[in-house]
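Asks: Provided herewith: structure18.csv, CSV, C-alpha atoms.
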```csv
chain,number,residue,atom,x,y,z
A,244,MET,CA,-12.6,25.7,-17.2
A,245,LYS,CA,-12.0,22.0,-16.5
A,246,ILE,CA,-13.7,18.9,-15.2
A,247,LYS,CA,-13.6,18.6,-11.4
A,248,ASP,CA,-11.2,16.0,-10.0
A,249,GLY,CA,-12.5,12.6,-9.0
A,250,PHE,CA,-14.0,11.1,-12.1
A,251,LEU,CA,-12.9,8.1,-14.1
A,252,LEU,CA,-13.7,8.1,-17.8
A,253,ARG,CA,-13.6,4.6,-19.2
A,254,PRO,CA,-14.7,2.9,-22.4
A,255,LEU,CA,-17.4,0.3,-21.7
A,256,ALA,CA,-19.2,-1.8,-24.2
A,257,ASP,CA,-20.0,0.5,-27.1
A,258,THR,CA,-20.1,3.6,-25.0
A,259,HIS,CA,-18.1,5.5,-22.4
A,260,VAL,CA,-18.9,5.8,-18.8
A,261,VAL,CA,-17.8,8.4,-16.2
A,262,VAL,CA,-17.8,7.1,-12.6
A,263,PRO,CA,-17.2,9.4,-9.6
A,264,VAL,CA,-14.6,8.4,-7.0
A,265,GLY,CA,-13.6,9.9,-3.8
A,266,GLN,CA,-15.2,13.2,-2.8
A,267,ALA,CA,-17.0,13.4,-6.1
A,268,ALA,CA,-19.0,10.4,-5.3
A,269,LEU,CA,-20.6,12.3,-2.5
A,270,ASP,CA,-21.9,14.8,-4.9
A,271,LEU,CA,-22.9,12.5,-7.7
A,272,ARG,CA,-24.3,9.1,-7.0
A,273,GLY,CA,-24.3,6.9,-10.0
A,274,MET,CA,-22.6,7.3,-13.3
A,275,ILE,CA,-22.6,9.2,-16.5
A,276,THR,CA,-22.8,7.6,-20.0
A,277,LEU,CA,-21.2,9.4,-22.9
A,278,ASN,CA,-21.1,8.8,-26.6
A,279,GLY,CA,-17.9,9.2,-28.5
A,280,THR,CA,-18.0,12.9,-28.9
A,281,GLY,CA,-19.0,13.4,-25.3
A,282,ALA,CA,-16.0,11.3,-24.2
A,283,PHE,CA,-13.7,13.3,-26.5
A,284,LEU,CA,-14.8,16.6,-25.0
A,285,TRP,CA,-14.7,15.2,-21.4
A,286,LYS,CA,-11.1,14.0,-21.9
A,287,ALA,CA,-10.1,17.3,-23.3
A,288,LEU,CA,-11.7,19.0,-20.3
A,289,GLU,CA,-9.5,17.0,-17.9
A,290,THR,CA,-7.1,19.8,-18.5
A,291,GLU,CA,-7.9,23.5,-18.5
A,292,GLN,CA,-9.7,24.6,-21.7
A,293,THR,CA,-11.6,27.4,-23.3
A,294,GLU,CA,-14.8,26.9,-25.3
A,295,GLN,CA,-12.9,28.0,-28.4
A,296,ALA,CA,-10.2,25.4,-27.7
A,297,LEU,CA,-12.8,22.7,-27.5
A,298,ILE,CA,-14.4,23.9,-30.8
A,299,ASP,CA,-11.0,23.8,-32.5
A,300,ALA,CA,-10.3,20.4,-31.1
A,301,LEU,CA,-13.7,19.1,-32.4
A,302,LEU,CA,-13.0,20.6,-35.9
A,303,ALA,CA,-9.6,19.0,-36.0
A,304,HIS,CA,-11.0,15.6,-35.1
A,305,TYR,CA,-14.4,15.4,-36.7
A,306,GLN,CA,-15.8,16.4,-40.0
A,307,VAL,CA,-18.2,19.0,-38.8
A,308,THR,CA,-19.0,22.6,-39.5
A,309,GLN,CA,-17.9,25.5,-37.3
A,310,GLU,CA,-21.5,26.1,-36.4
A,311,THR,CA,-22.2,22.5,-35.4
A,312,ALA,CA,-19.1,22.2,-33.4
A,313,ALA,CA,-19.8,25.5,-31.6
A,314,ALA,CA,-23.4,24.5,-30.8
A,315,ASP,CA,-22.4,21.1,-29.6
A,316,VAL,CA,-19.6,22.5,-27.3
A,317,ALA,CA,-22.0,25.1,-25.9
A,318,ARG,CA,-24.6,22.4,-25.2
A,319,PHE,CA,-22.1,20.0,-23.6
A,320,VAL,CA,-20.5,22.7,-21.4
A,321,GLU,CA,-23.9,23.9,-20.3
A,322,LEU,CA,-24.8,20.4,-19.3
A,323,LEU,CA,-21.7,20.0,-17.3
A,324,ARG,CA,-22.2,23.4,-15.7
A,325,ALA,CA,-25.8,22.6,-14.8
A,326,ASN,CA,-24.6,19.5,-13.1
A,327,GLU,CA,-21.8,21.2,-11.2
A,328,LEU,CA,-19.1,19.1,-12.9
A,329,LEU,CA,-16.9,22.0,-13.9
A,330,GLU,CA,-14.3,24.0,-12.1
A,331,LEU,CA,-14.8,27.5,-13.4
B,910,MET,CA,-17.7,3.5,27.1
B,911,ARG,CA,-16.3,0.9,24.7
B,912,GLY,CA,-15.7,-2.8,24.9
B,913,THR,CA,-14.9,-5.5,22.5
B,914,ILE,CA,-17.6,-8.2,22.6
B,915,ALA,CA,-16.3,-10.5,20.0
B,916,GLN,CA,-13.5,-11.1,17.6
B,917,ARG,CA,-13.8,-13.8,15.0
B,918,THR,CA,-12.0,-14.6,11.9
B,919,VAL,CA,-13.4,-15.9,8.6
B,920,ALA,CA,-11.7,-18.3,6.3
B,921,LEU,CA,-13.2,-18.8,2.9
B,922,ASP,CA,-10.8,-21.1,1.2
B,923,GLY,CA,-11.7,-20.6,-2.3
B,924,PHE,CA,-15.2,-21.3,-3.6
B,925,ASP,CA,-15.3,-25.0,-4.1
B,926,GLY,CA,-17.1,-26.8,-1.3
B,927,TRP,CA,-19.0,-23.9,0.0
B,928,SER,CA,-22.4,-24.8,1.3
B,929,HIS,CA,-25.4,-22.9,2.6
B,930,GLU,CA,-24.9,-24.4,6.0
B,931,ALA,CA,-21.4,-22.9,6.0
B,932,ALA,CA,-22.8,-19.5,5.0
B,933,PHE,CA,-22.6,-18.0,8.4
B,934,ALA,CA,-19.5,-19.8,9.5
B,935,PRO,CA,-17.8,-16.4,9.4
B,936,PHE,CA,-19.4,-15.8,12.7
B,937,ALA,CA,-19.1,-19.2,14.2
B,938,VAL,CA,-15.8,-20.7,13.3
B,939,PRO,CA,-12.8,-19.1,14.8
B,940,SER,CA,-10.3,-20.9,12.7
B,941,ALA,CA,-8.5,-19.0,10.1
B,942,ASP,CA,-5.1,-18.6,8.9
B,943,GLY,CA,-4.5,-14.9,8.4
B,944,GLU,CA,-2.6,-15.7,5.2
B,945,ALA,CA,-5.6,-17.3,3.5
B,946,ASP,CA,-6.9,-15.9,0.3
B,947,TRP,CA,-10.3,-15.4,1.6
B,948,CYS,CA,-9.9,-14.0,5.0
B,949,MET,CA,-11.8,-11.3,6.8
B,950,THR,CA,-11.5,-10.4,10.4
B,951,VAL,CA,-14.6,-9.0,11.9
B,952,ARG,CA,-14.2,-7.3,15.2
B,953,VAL,CA,-17.4,-6.2,16.7
B,954,GLN,CA,-17.4,-3.5,19.3
B,955,THR,CA,-20.1,-1.6,21.1
B,956,HIS,CA,-19.9,2.0,22.1
B,957,LEU,CA,-22.4,4.5,23.2
B,958,ASP,CA,-21.1,7.6,21.4
B,959,ARG,CA,-21.6,8.5,17.8
B,960,PRO,CA,-18.1,8.2,16.1
B,961,GLU,CA,-16.4,11.5,15.7
B,962,GLY,CA,-16.5,12.7,12.1
B,963,THR,CA,-19.5,10.6,11.1
B,964,PRO,CA,-20.9,12.5,8.2
B,965,GLN,CA,-24.5,13.3,7.8
B,966,GLY,CA,-26.3,11.2,5.3
B,967,ARG,CA,-27.4,12.4,1.9
B,968,GLY,CA,-30.6,10.6,1.7
B,969,LYS,CA,-28.8,7.3,1.2
B,970,ARG,CA,-28.4,4.5,3.5
B,971,THR,CA,-24.7,4.9,3.9
B,972,ALA,CA,-22.1,7.5,3.5
B,973,TRP,CA,-18.3,7.1,3.6
B,974,ILE,CA,-15.1,8.7,4.6
B,975,VAL,CA,-11.5,7.9,3.9
B,976,ASP,CA,-8.6,8.5,6.3
B,977,ASP,CA,-5.1,9.6,5.7
B,978,ASP,CA,-3.8,6.1,5.3
B,979,GLY,CA,-6.2,5.3,2.5
B,980,ASN,CA,-8.6,3.3,4.7
B,981,GLY,CA,-12.2,3.7,3.9
B,982,ALA,CA,-15.3,3.4,6.0
B,983,LEU,CA,-19.0,3.1,5.5
B,984,TYR,CA,-21.3,4.8,7.9
B,985,HIS,CA,-24.9,4.3,8.6
B,986,THR,CA,-26.5,7.7,8.1
B,987,ARG,CA,-27.8,7.7,11.6
B,988,GLY,CA,-24.4,6.9,12.9
B,989,ALA,CA,-25.6,3.6,14.4
B,990,PHE,CA,-22.7,1.6,13.2
B,991,VAL,CA,-19.7,1.7,11.1
B,992,LEU,CA,-17.7,-0.8,9.1
B,993,ARG,CA,-14.0,0.1,8.6
B,994,PHE,CA,-11.8,-1.6,6.1
B,995,ASP,CA,-8.1,-1.7,5.8
B,996,ALA,CA,-6.6,-0.5,2.6
B,997,ALA,CA,-6.3,-4.0,1.2
B,998,PHE,CA,-9.8,-5.0,2.1
B,999,SER,CA,-8.5,-8.0,3.9
B,1000,ARG,CA,-9.9,-6.9,7.2
B,1001,CYS,CA,-13.0,-5.1,8.2
B,1002,LEU,CA,-14.0,-3.6,11.5
B,1003,LEU,CA,-17.7,-3.4,12.3
B,1004,THR,CA,-18.6,-1.1,15.1
B,1005,LEU,CA,-22.1,-1.2,16.5
B,1006,HIS,CA,-23.9,0.9,18.9
B,1007,ALA,CA,-25.2,-1.0,21.9
B,1008,ASP,CA,-28.8,-0.5,20.9
B,1009,VAL,CA,-28.7,-1.7,17.3
B,1010,PRO,CA,-31.8,-3.8,17.0
B,1011,ASP,CA,-30.6,-6.5,14.8
B,1012,ALA,CA,-26.9,-7.0,14.9
B,1013,ASP,CA,-27.0,-10.2,12.8
B,1014,VAL,CA,-28.6,-8.3,9.9
B,1015,LEU,CA,-26.0,-5.6,10.1
B,1016,ARG,CA,-23.2,-8.1,10.2
B,1017,TYR,CA,-24.6,-9.8,7.2
B,1018,VAL,CA,-25.1,-6.6,5.2
B,1019,TYR,CA,-21.7,-5.1,5.9
B,1020,THR,CA,-19.6,-8.2,5.8
B,1021,ALA,CA,-21.2,-8.9,2.4
B,1022,GLN,CA,-20.1,-5.4,1.4
B,1023,CYS,CA,-16.6,-6.1,2.5
B,1024,PHE,CA,-16.6,-9.4,0.8
B,1025,ALA,CA,-17.8,-7.9,-2.5
B,1026,TYR,CA,-15.0,-5.3,-2.3
B,1027,HIS,CA,-12.5,-8.0,-1.6
B,1028,MET,CA,-13.7,-9.9,-4.7
B,1029,LEU,CA,-12.6,-7.0,-6.9
B,1030,THR,CA,-9.0,-7.7,-5.8
B,1031,GLN,CA,-9.4,-11.3,-6.8
B,1032,GLN,CA,-10.3,-11.2,-10.6
B,1033,GLY,CA,-13.9,-11.1,-9.7
B,1034,CYS,CA,-16.9,-9.1,-8.5
B,1035,CYS,CA,-20.1,-9.7,-6.8
B,1036,VAL,CA,-23.4,-8.9,-8.5
B,1037,HIS,CA,-26.6,-8.1,-6.6
B,1038,SER,CA,-28.8,-10.6,-8.4
B,1039,ALA,CA,-30.4,-14.0,-8.4
B,1040,ALA,CA,-28.1,-16.7,-9.9
B,1041,LEU,CA,-29.9,-19.6,-11.6
B,1042,GLU,CA,-28.1,-22.7,-12.7
B,1043,LYS,CA,-28.9,-25.5,-15.1
B,1044,ASP,CA,-26.6,-28.1,-16.4
B,1045,GLY,CA,-23.5,-26.3,-15.4
B,1046,HIS,CA,-24.5,-23.0,-16.9
B,1047,ALA,CA,-25.8,-19.9,-15.1
B,1048,ILE,CA,-27.7,-16.7,-15.7
B,1049,LEU,CA,-28.0,-13.7,-13.3
B,1050,LEU,CA,-31.3,-11.9,-12.8
B,1051,VAL,CA,-30.3,-8.3,-12.0
B,1052,GLY,CA,-32.6,-5.7,-10.7
B,1053,PRO,CA,-33.4,-3.7,-7.5
B,1054,SER,CA,-34.9,-5.3,-4.5
B,1055,GLY,CA,-38.5,-6.1,-5.0
B,1056,ILE,CA,-38.4,-6.1,-8.7
B,1057,GLY,CA,-39.3,-9.8,-8.9
B,1058,LYS,CA,-36.0,-11.7,-9.1
B,1059,SER,CA,-37.2,-14.4,-6.7
B,1060,THR,CA,-40.6,-14.6,-8.3
B,1061,LEU,CA,-39.1,-15.1,-11.7
B,1062,ALA,CA,-36.7,-17.7,-10.2
B,1063,THR,CA,-39.6,-19.6,-8.8
B,1064,ALA,CA,-41.4,-19.4,-12.2
B,1065,CYS,CA,-38.4,-20.8,-13.9
B,1066,GLN,CA,-38.2,-23.7,-11.4
B,1067,THR,CA,-41.9,-24.3,-11.8
B,1068,VAL,CA,-41.4,-24.7,-15.6
B,1069,ASP,CA,-38.2,-26.7,-15.2
B,1070,PRO,CA,-37.5,-28.3,-11.8
B,1071,SER,CA,-33.9,-28.9,-12.7
B,1072,VAL,CA,-33.2,-25.2,-12.5
B,1073,ARG,CA,-31.3,-24.5,-9.3
B,1074,VAL,CA,-30.8,-21.2,-7.4
B,1075,LEU,CA,-27.1,-20.7,-6.7
B,1076,CYS,CA,-27.6,-17.5,-4.7
B,1077,GLU,CA,-30.4,-15.0,-4.3
B,1078,ASP,CA,-28.6,-12.0,-3.1
B,1079,LEU,CA,-24.9,-11.6,-3.9
B,1080,PRO,CA,-23.4,-14.3,-6.0
B,1081,ALA,CA,-19.8,-13.9,-7.0
B,1082,VAL,CA,-18.4,-13.9,-10.6
B,1083,ARG,CA,-14.8,-14.8,-11.0
B,1084,PHE,CA,-13.0,-15.0,-14.3
B,1085,GLU,CA,-11.0,-18.2,-14.6
B,1086,ASP,CA,-8.8,-18.3,-17.8
B,1087,GLY,CA,-11.1,-15.8,-19.2
B,1088,THR,CA,-14.3,-17.7,-18.5
B,1089,PRO,CA,-16.8,-16.1,-16.2
B,1090,MET,CA,-17.8,-18.5,-13.4
B,1091,VAL,CA,-20.7,-17.8,-11.0
B,1092,TYR,CA,-20.5,-19.0,-7.5
B,1093,GLY,CA,-22.9,-19.1,-4.6
B,1094,THR,CA,-21.6,-17.1,-1.7
B,1095,PRO,CA,-22.4,-17.0,2.0
B,1096,PHE,CA,-24.6,-14.0,1.2
B,1097,CYS,CA,-27.9,-15.6,0.1
B,1098,GLY,CA,-30.5,-13.4,1.7
B,1099,ASN,CA,-33.3,-15.3,3.4
B,1100,ASP,CA,-33.6,-17.8,0.7
B,1101,THR,CA,-33.5,-21.5,1.7
B,1102,ARG,CA,-33.5,-23.0,-1.8
B,1103,VAL,CA,-29.9,-22.1,-2.6
B,1104,ALA,CA,-27.7,-24.9,-3.9
B,1105,ASP,CA,-24.0,-25.4,-3.5
B,1106,GLY,CA,-22.0,-25.1,-6.7
B,1107,ALA,CA,-20.6,-23.0,-9.5
B,1108,ALA,CA,-21.5,-22.7,-13.1
B,1109,ARG,CA,-20.4,-20.9,-16.3
B,1110,LEU,CA,-22.1,-17.6,-16.7
B,1111,ASP,CA,-24.1,-17.4,-20.0
B,1112,ALA,CA,-26.1,-14.2,-19.6
B,1113,ILE,CA,-27.0,-11.3,-17.5
B,1114,VAL,CA,-30.7,-10.5,-17.5
B,1115,LEU,CA,-31.7,-7.0,-16.5
B,1116,LEU,CA,-35.1,-7.4,-15.0
B,1117,SER,CA,-38.1,-5.1,-14.8
B,1118,GLN,CA,-41.8,-5.5,-14.1
B,1119,ALA,CA,-44.4,-5.3,-16.8
B,1120,SER,CA,-47.8,-6.7,-17.7
B,1121,GLY,CA,-46.3,-9.0,-20.3
B,1122,ASN,CA,-43.1,-10.7,-21.0
B,1123,ARG,CA,-40.7,-9.1,-23.4
B,1124,LEU,CA,-37.0,-9.8,-24.0
B,1125,THR,CA,-34.8,-7.2,-25.8
B,1126,VAL,CA,-31.2,-6.5,-26.3
B,1127,ALA,CA,-29.6,-4.3,-23.7
B,1128,ASP,CA,-29.5,-0.7,-24.6
B,1129,HIS,CA,-27.2,2.2,-23.8
B,1130,SER,CA,-28.6,2.4,-20.3
B,1131,ALA,CA,-27.5,-1.1,-19.4
B,1132,PRO,CA,-24.1,-0.2,-18.1
B,1133,ALA,CA,-25.6,2.1,-15.5
B,1134,THR,CA,-28.1,-0.6,-14.4
B,1135,LEU,CA,-25.3,-3.2,-14.1
B,1136,MET,CA,-23.0,-0.8,-12.3
B,1137,GLU,CA,-25.7,-0.3,-9.7
B,1138,ALA,CA,-25.6,-4.0,-9.0
B,1139,ILE,CA,-21.9,-4.3,-8.5
B,1140,PRO,CA,-20.8,-3.2,-5.1
B,1141,TYR,CA,-17.6,-1.2,-5.2
B,1142,PRO,CA,-15.9,1.2,-2.8
B,1143,VAL,CA,-16.4,4.7,-4.1
B,1144,TRP,CA,-13.4,6.0,-2.2
B,1145,SER,CA,-11.0,3.7,-4.0
B,1146,ARG,CA,-10.0,4.6,-7.5
B,1147,PRO,CA,-8.2,1.3,-8.1
B,1148,LEU,CA,-11.2,-0.8,-7.1
B,1149,THR,CA,-13.7,1.4,-8.9
B,1150,ASP,CA,-11.5,0.9,-11.9
B,1151,ALA,CA,-11.5,-2.8,-11.2
B,1152,ALA,CA,-15.3,-2.8,-11.1
B,1153,ILE,CA,-15.5,-1.1,-14.5
B,1154,ALA,CA,-13.0,-3.6,-15.9
B,1155,ARG,CA,-15.1,-6.5,-14.6
B,1156,MET,CA,-18.1,-5.0,-16.3
B,1157,GLN,CA,-16.2,-4.8,-19.6
B,1158,SER,CA,-15.1,-8.4,-19.2
B,1159,LEU,CA,-18.8,-9.3,-18.6
B,1160,TYR,CA,-19.8,-7.4,-21.8
B,1161,ASP,CA,-17.0,-9.3,-23.7
B,1162,THR,CA,-18.0,-12.7,-22.5
B,1163,VAL,CA,-21.8,-13.0,-21.8
B,1164,ALA,CA,-25.1,-12.0,-23.4
B,1165,ILE,CA,-26.7,-9.0,-21.7
B,1166,CYS,CA,-30.4,-8.4,-22.3
B,1167,ARG,CA,-33.4,-6.8,-20.7
B,1168,PHE,CA,-36.4,-8.8,-19.7
B,1169,GLU,CA,-39.8,-7.3,-18.8
B,1170,SER,CA,-41.5,-9.9,-16.7
B,1171,ASP,CA,-45.1,-10.3,-15.4
B,1172,GLY,CA,-43.8,-12.9,-12.9
B,1173,THR,CA,-46.0,-15.7,-14.1
B,1174,THR,CA,-45.1,-19.1,-15.3
B,1175,ALA,CA,-45.2,-17.7,-18.8
B,1176,ALA,CA,-42.3,-15.4,-17.9
B,1177,GLY,CA,-40.3,-18.4,-16.8
B,1178,GLU,CA,-41.1,-20.3,-20.0
B,1179,ARG,CA,-40.1,-17.3,-22.1
B,1180,LEU,CA,-36.8,-16.8,-20.2
B,1181,LEU,CA,-35.9,-20.5,-20.3
B,1182,ALA,CA,-36.6,-20.6,-24.0
B,1183,ALA,CA,-34.3,-17.7,-24.6
B,1184,TRP,CA,-31.7,-19.4,-22.5
B,1185,ARG,CA,-31.9,-22.6,-24.4
B,1186,ALA,CA,-31.3,-20.5,-27.6
B,1187,ASP,CA,-28.2,-18.9,-25.9
B,1188,PHE,CA,-30.1,-15.6,-26.1
B,1189,LYS,CA,-28.9,-15.4,-29.7
B,1190,GLU,CA,-32.4,-14.8,-31.0
B,1191,GLU,CA,-32.3,-11.5,-29.1
B,1192,GLY,CA,-30.1,-10.0,-31.7
B,1193,SER,CA,-33.3,-8.5,-33.2
B,1194,PRO,CA,-34.8,-5.5,-31.5
B,1195,SER,CA,-37.5,-7.2,-29.5
B,1196,HIS,CA,-39.5,-10.4,-28.9
B,1197,GLU,CA,-42.9,-10.5,-27.2
B,1198,ASN,CA,-45.3,-13.1,-26.2
```
Could you write out this structure as structure tokens?

Replies:
Amino acid sequence: MKIKDGFLLRPLADTHVVVPVGQAALDLRGMITLNGTGAFLWKALETEQTEQALIDALLAHYQVTQETAAADVARFVELLRANELLEL
Amino acid sequence: MRGTIAQRTVALDGFDGWSHEAAFAPFAVPSADGEADWCMTVRVQTHLDRPEGTPQGRGKRTAWIVDDDGNGALYHTRGAFVLRFDAAFSRCLLTLHADVPDADVLRYVYTAQCFAYHMLTQQGCCVHSAALEKDGHAILLVGPSGIGKSTLATACQTVDPSVRVLCEDLPAVRFEDGTPMVYGTPFCGNDTRVADGAARLDAIVLLSQASGNRLTVADHSAPATLMEAIPYPVWSRPLTDAAIARMQSLYDTVAICRFESDGTTAAGERLLAAWRADFKEEGSPSHEN
């Protein structure tokens, strides 16, 4: 899975924003605000990933347990899926 | 059946010296040098057929397409008119159906949109807001139409008559040597109070209605609110990027806070007091009166 094309992820103030451009802007009006972990996962998902790869990336980058990382990835991916932001 | 009914050129030679009287010179003065920095060519056409390829609306006022050459276009969802830009946003083409009820309004709205996009190429941006000026300094009151920007501006002027309104619809912000400067633009809505001039931007106030007056630091939702107020062309990745970059520059250089206003004179007093204190007191979570 990966994020659909047509989104700009940019740091802004003390957060990160995702702004749709091009065709994606027809499907999503507005913007998405992400915290640091969300931005980390979003950036990873700009290329093809599996859930396990995302969990491994989180574990390598953050001091979290396997269970926490797995739960966070599952919740994040589900959120993306529910908003039709993923190419499956 | 098509026919060109007017072709006019706009020359906006920088910001200094703009006046409200000149606001609609774009449609009255056929003078411009095509090489000017601030130049938009507006060609108005009438036609009786809905443009081919006009997309259906998605519940919004406008939709857009982009052609193979990178040119974008905004469409009214009913297909009544279209404004087409060239890739550099130096020209726009406004096409109207013959039965559009108020062409002047449409020209205003869509030329303003084109102007705002062009600003993104000029180290600036436009912000849908009311710009207040006092002693060479300015604040922007940001919020959706009807939220009370004009009411609060009036309250501020009641409290302090030296407060001036630079623009009540689409002021421009341009970064000059890193300093954000606010300018009135030709796009001032219906307001007749607007003053000519420019001022250093001190703060952006995100406005909402309430039964009291409360000023707080901007929270994590502020970027989305602010982005809503900055017109940018969604089909253009570079200019969308430019809009985000301008937002970051604003965050780096001015105070950004939220203000719940009841629209009374007390609201004006509260806001002006915070302005006099450079909004520094708003570092704490909230202040109420």

Asks: What's the 7 Å shell around segment 1028-1033 of chain B, counting only C-alpha atoms, without same-chain residues fewer than 5 positions away, as a PDB file with C-alpha atoms, in the frame of the given file?

Replies:
```pdb
ATOM      1  CA  VAL B1082     -18.400 -13.900 -10.600  1.00  0.00           C
ATOM      2  CA  ARG B1083     -14.800 -14.800 -11.000  1.00  0.00           C
ATOM      3  CA  PHE B1084     -13.000 -15.000 -14.300  1.00  0.00           C
ATOM      4  CA  LEU B1148     -11.200  -0.800  -7.100  1.00  0.00           C
ATOM      5  CA  ALA B1151     -11.500  -2.800 -11.200  1.00  0.00           C
ATOM      6  CA  ALA B1152     -15.300  -2.800 -11.100  1.00  0.00           C
ATOM      7  CA  ARG B1155     -15.100  -6.500 -14.600  1.00  0.00           C
TER       8      ARG B1155
END
```

Asks: Identify the residues around (-28.5, 17.4, -14.4) within a radius of 12 Å, measuring from only C-alpha atoms in the coordinates stated by the file, and give them as a PyMOL selection string.

Replies: chain A and resi 270-272+274-275+319-328

Asks: Just how far from atom CA of Asn1122 of chain B is atom CA of Phe1168 of chain B, in Å to one decimal?

Replies: 7.1 Å

Asks: Each residue of chain A with at least one atom at most 9 Å from chain B should appear once, together with its nearest atom pair and the corresponding distance in Å (one decimal); atoms considered: all atoms listed in the file; ordering: chain, then increasing residue number; output as CSV.

Replies:
```
residue,atom,partner,partner_atom,distance
A:Gly249,CA,B:Arg1146,CA,8.5
A:Phe250,CA,B:Arg1146,CA,8.9
A:Leu251,CA,B:Asp1150,CA,7.7
A:Arg253,CA,B:Ile1153,CA,7.6
A:Pro254,CA,B:Gln1157,CA,8.3
A:Leu255,CA,B:Gln1157,CA,5.6
A:Ala256,CA,B:Tyr1160,CA,6.1
A:Asp257,CA,B:His1129,CA,8.1
A:Thr258,CA,B:His1129,CA,7.3
A:Val260,CA,B:Pro1132,CA,8.0
A:Val262,CA,B:Thr1149,CA,7.9
A:Pro263,CA,B:Val1143,CA,7.3
A:Val264,CA,B:Val1143,CA,5.0
A:Gly265,CA,B:Trp1144,CA,4.2
A:Gln266,CA,B:Trp1144,CA,7.4
A:Ala267,CA,B:Val1143,CA,8.9
A:Ala268,CA,B:Val1143,CA,6.4
A:Leu269,CA,B:Ala972,CA,7.8
A:Gly273,CA,B:Glu1137,CA,7.3
A:Met274,CA,B:Ala1133,CA,6.4
A:Ile275,CA,B:Ala1133,CA,7.8
A:Thr276,CA,B:Ala1133,CA,7.6
```

Asks: Suppose you want the space between atom CA of Ala1021 of chain B and atom CA of Tyr1141 of chain B; what is it in Å?

Replies: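 So the answer is 11.4 Å.
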
Asks: By how many Å are atom CA of Ser1059 of chain B and atom CA of Tyr1092 of chain B apart?

Replies: 17.3 Å

Asks: For Ala312 of chain A, please output as a ChimeraX atom specification all residues within 9 Å (counting all atoms listed in the file; exclusion window: fewer than 5 positions along the same chain).

Replies: /A:297-299,301-302,305,307,317

Asks: Please, could you write that set of residues out with C-alpha atoms as an mmCIF file, keeping the file's coordinate frame?

Replies:
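Contents of selection.cif, as written:
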```cif
data_model
loop_
_atom_site.group_PDB
_atom_site.id
_atom_site.type_symbol
_atom_site.label_atom_id
_atom_site.label_comp_id
_atom_site.auth_asym_id
_atom_site.auth_seq_id
_atom_site.Cartn_x
_atom_site.Cartn_y
_atom_site.Cartn_z
ATOM 1 C CA LEU A 297 -12.800 22.700 -27.500
ATOM 2 C CA ILE A 298 -14.400 23.900 -30.800
ATOM 3 C CA ASP A 299 -11.000 23.800 -32.500
ATOM 4 C CA LEU A 301 -13.700 19.100 -32.400
ATOM 5 C CA LEU A 302 -13.000 20.600 -35.900
ATOM 6 C CA TYR A 305 -14.400 15.400 -36.700
ATOM 7 C CA VAL A 307 -18.200 19.000 -38.800
ATOM 8 C CA ALA A 317 -22.000 25.100 -25.900
#
```

Asks: For a cut-off of 12 Å around (-19.4, -26.3, -19.5), file coordinates, pick out all residues using all atoms listed in the file and list them as a ChimeraX atom specification.

Replies: /B:1042-1047,1088-1090,1107-1111

Asks: Using all atoms listed in the file, which residue out of A:Gln295, A:Asp248, A:Leu277, A:Leu329 lies closest to Glu310 of chain A?

Replies: A:Gln295

Asks: For segment 1185-1188 of chain B, find every residue with an atom within 12 Å (counting all atoms listed in the file), except residues of its own chain fewer than 4 positions away, and show them as a ChimeraX atom specification.

Replies: /B:1043-1044,1046-1048,1069,1110-1114,1124-1127,1163-1168,1178-1181,1192-1193,1195-1196
